[in-house]
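Undergrad: This is the structure I have questions about; it appears just below.
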Amino acid sequence: MQRTLVLLKPDAVQRRLMGQLIARFEAKGLNIIAMKMLQVTPELAKQHYAEHVDKPFYPSLESFITSAPIVALAIEGLDVIKVVRDMLGATNGLSAAAGTIRGDFSSSRQMNLVHASDGPEAAQRELSLYFEEAEICHYEPVL
Ligand code: CMP
């Protein structure tokens, strides 16, 4: 079993897409093991997007990710990091394939609704930014 971090970004919250997006992960058979709504601070944004802080688009990215609340999800499942990344689609909603979350709901590179960890190290680092280990829930899913 693997864990990943998913963020429903401010545009997902403001467009009232939270339920539809969470339903996709549940329909796929993935287990949500922690979930919270929060306001990202500039400090948290810099930690989360550490690899992008020096890029030209970072100021705009920070402004967007701190502009309204987000929902953070810890999701567990077999090969979940890749499964979720595939479900999200390409970064730019305009080129994301139809049937993916971004392909179906976004036409923007920045306002692309969702974030998901891109590998096991990122998943561990990002999960620890949003959740204490004690906040991770354990239960037997009904198949
Ligand atoms: P995300 O998966 O959260 O990871 C980094 C984010 O930076 C990405 O989604 C986009 O929202 C944003 N991003 C990546 N490249 C660009 C870019 N060239 N211009 C603006 N935003 C970008």
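Lettering and numbering for the structure tokens are positional, with chains as A, B, ... in the shown order, residues counted from 1 in each chain, and ligands counted from 1 in the shown order.
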Once you count only C-alpha atoms and all ligand atoms, what closest atom pair and distance in Å to one decimal does each residue of chain A within 6 Å of ligand 1 have, with rows by chain and rising residue number, as JSON lines?

TA:
{"residue": "A:Phe57", "atom": "CA", "partner": "ligand 1", "partner_atom_place_in_ligand_line": "20 (C)", "distance": 5.0}
{"residue": "A:Leu61", "atom": "CA", "partner": "ligand 1", "partner_atom_place_in_ligand_line": "21 (N)", "distance": 5.9}
{"residue": "A:Thr91", "atom": "CA", "partner": "ligand 1", "partner_atom_place_in_ligand_line": "9 (O)", "distance": 5.8}
{"residue": "A:Arg109", "atom": "CA", "partner": "ligand 1", "partner_atom_place_in_ligand_line": "21 (N)", "distance": 5.6}
{"residue": "A:Gln110", "atom": "CA", "partner": "ligand 1", "partner_atom_place_in_ligand_line": "11 (O)", "distance": 3.8}
{"residue": "A:Met111", "atom": "CA", "partner": "ligand 1", "partner_atom_place_in_ligand_line": "11 (O)", "distance": 5.9}
{"residue": "A:Asn112", "atom": "CA", "partner": "ligand 1", "partner_atom_place_in_ligand_line": "11 (O)", "distance": 5.7}
{"residue": "A:His115", "atom": "CA", "partner": "ligand 1", "partner_atom_place_in_ligand_line": "3 (O)", "distance": 4.2}

Undergrad: Find the spatial neighbours of segment 29-40 of chain A, counting only C-alpha atoms, within a cut-off of 8 Å - ignore same-chain residues fewer than 4 positions away - and output them as a VMD selection string.

TA: chain A and resid 25 44 to 45 65 to 66 68 to 77 80 131 135 to 138 141

Undergrad: Out of chain A, which residues get helix (DSSP H, G or I) from DSSP, as a PyMOL selection string?

TA: chain A and resi 10-14+18-27+42-48+50-52+58-65+80-88+101-105+120-130+133-135

Undergrad: Please extract the residues of chain A with a backbone DSSP assignment of strand (DSSP E or B) and present them as a list in words.

TA: Gln2, Arg3, Thr4, Leu5, Val6, Leu7, Leu8, Asn31, Ile32, Ile33, Ala34, Met35, Lys36, Met37, Leu38, Ile70, Val71, Ala72, Leu73, Ala74, Ile75, Glu76, Gly77, Ala98, Thr100, Val114, His115 and Ala116 of chain A

Undergrad: Mind writing the picked residues with N, CA and C atoms as a compact mmCIF listing (two decimals), in the first residue's frame?

TA:
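Once everything was written out, this is selection_35.txt:
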# COMPACT_ATOMS: atom_id res chain seq x y z
N GLN A 2 0.41 2.27 -0.69
CA GLN A 2 1.15 3.52 -0.80
C GLN A 2 0.21 4.65 -0.36
N ARG A 3 0.81 5.77 0.06
CA ARG A 3 0.01 6.95 0.40
C ARG A 3 0.44 8.12 -0.48
N THR A 4 -0.49 9.00 -0.75
CA THR A 4 -0.15 10.22 -1.48
C THR A 4 -0.91 11.40 -0.90
N LEU A 5 -0.40 12.62 -1.19
CA LEU A 5 -1.11 13.82 -0.78
C LEU A 5 -1.81 14.43 -1.99
N VAL A 6 -3.07 14.74 -1.83
CA VAL A 6 -3.84 15.44 -2.86
C VAL A 6 -4.34 16.75 -2.26
N LEU A 7 -4.21 17.83 -3.02
CA LEU A 7 -4.83 19.10 -2.62
C LEU A 7 -5.91 19.46 -3.62
N LEU A 8 -7.09 19.79 -3.10
CA LEU A 8 -8.12 20.43 -3.92
C LEU A 8 -7.85 21.92 -3.78
N ASN A 31 -8.70 4.83 -0.90
CA ASN A 31 -9.20 5.09 0.46
C ASN A 31 -8.70 6.43 0.97
N ILE A 32 -9.64 7.30 1.34
CA ILE A 32 -9.28 8.58 1.95
C ILE A 32 -9.03 8.31 3.43
N ILE A 33 -7.81 8.59 3.87
CA ILE A 33 -7.45 8.25 5.25
C ILE A 33 -7.22 9.48 6.12
N ALA A 34 -7.32 10.68 5.52
CA ALA A 34 -7.32 11.94 6.29
C ALA A 34 -7.77 13.04 5.35
N MET A 35 -8.42 14.06 5.92
CA MET A 35 -8.95 15.14 5.08
C MET A 35 -9.15 16.39 5.93
N LYS A 36 -8.72 17.55 5.43
CA LYS A 36 -9.00 18.80 6.15
C LYS A 36 -9.05 19.99 5.19
N MET A 37 -9.89 21.00 5.56
CA MET A 37 -9.91 22.26 4.82
C MET A 37 -9.05 23.24 5.58
N LEU A 38 -8.24 23.98 4.86
CA LEU A 38 -7.36 24.95 5.52
C LEU A 38 -7.01 26.08 4.57
N ILE A 70 -8.18 25.57 0.76
CA ILE A 70 -7.96 24.33 0.00
C ILE A 70 -8.45 23.17 0.85
N VAL A 71 -8.52 21.99 0.24
CA VAL A 71 -8.78 20.76 1.00
C VAL A 71 -7.60 19.83 0.78
N ALA A 72 -6.99 19.37 1.87
CA ALA A 72 -5.88 18.42 1.79
C ALA A 72 -6.43 17.03 2.10
N LEU A 73 -6.02 16.07 1.28
CA LEU A 73 -6.46 14.67 1.45
C LEU A 73 -5.24 13.77 1.49
N ALA A 74 -5.22 12.85 2.43
CA ALA A 74 -4.26 11.74 2.39
C ALA A 74 -5.02 10.57 1.81
N ILE A 75 -4.48 10.00 0.74
CA ILE A 75 -5.18 8.91 0.04
C ILE A 75 -4.26 7.70 -0.02
N GLU A 76 -4.86 6.54 0.21
CA GLU A 76 -4.09 5.29 0.27
C GLU A 76 -4.62 4.31 -0.76
N GLY A 77 -3.73 3.53 -1.33
CA GLY A 77 -4.15 2.49 -2.27
C GLY A 77 -2.95 1.87 -2.93
N ALA A 98 -9.14 14.33 -22.16
CA ALA A 98 -10.53 14.19 -21.74
C ALA A 98 -10.65 12.93 -20.89
N THR A 100 -9.72 12.89 -17.77
CA THR A 100 -8.96 13.20 -16.56
C THR A 100 -9.65 14.37 -15.85
N VAL A 114 -6.28 20.64 -8.89
CA VAL A 114 -5.78 19.60 -7.99
C VAL A 114 -4.26 19.52 -8.05
N HIS A 115 -3.69 19.11 -6.92
CA HIS A 115 -2.27 18.79 -6.86
C HIS A 115 -2.16 17.37 -6.33
N ALA A 116 -1.16 16.62 -6.81
CA ALA A 116 -0.87 15.30 -6.21
C ALA A 116 0.63 15.09 -6.21

Undergrad: One number please: atom CA of Arg15 of chain A to atom CA of Gln47 of chain A, in Å, one decimal.

TA: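 Between atom CA of Arg15 of chain A and atom CA of Gln47 of chain A the gap is 25.8 Å.
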
Undergrad: Please report the interatomic distance between atom CA of Ile81 of chain A and atom CA of Val53 of chain A in Å with one decimal.

TA: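 Separating atom CA of Ile81 of chain A from atom CA of Val53 of chain A is a distance of 23.2 Å.
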
Undergrad: How many Å separate atom CA of Lys82 of chain A from atom CA of Lys28 of chain A?

TA: 12.8 Å

Undergrad: Counting only C-alpha atoms, which of A:Ser128, A:Met1, A:Ala12, A:Pro42 gets nearest to Leu113 of chain A?

TA: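 Closest residue, counting only C-alpha atoms: A:Ala12.
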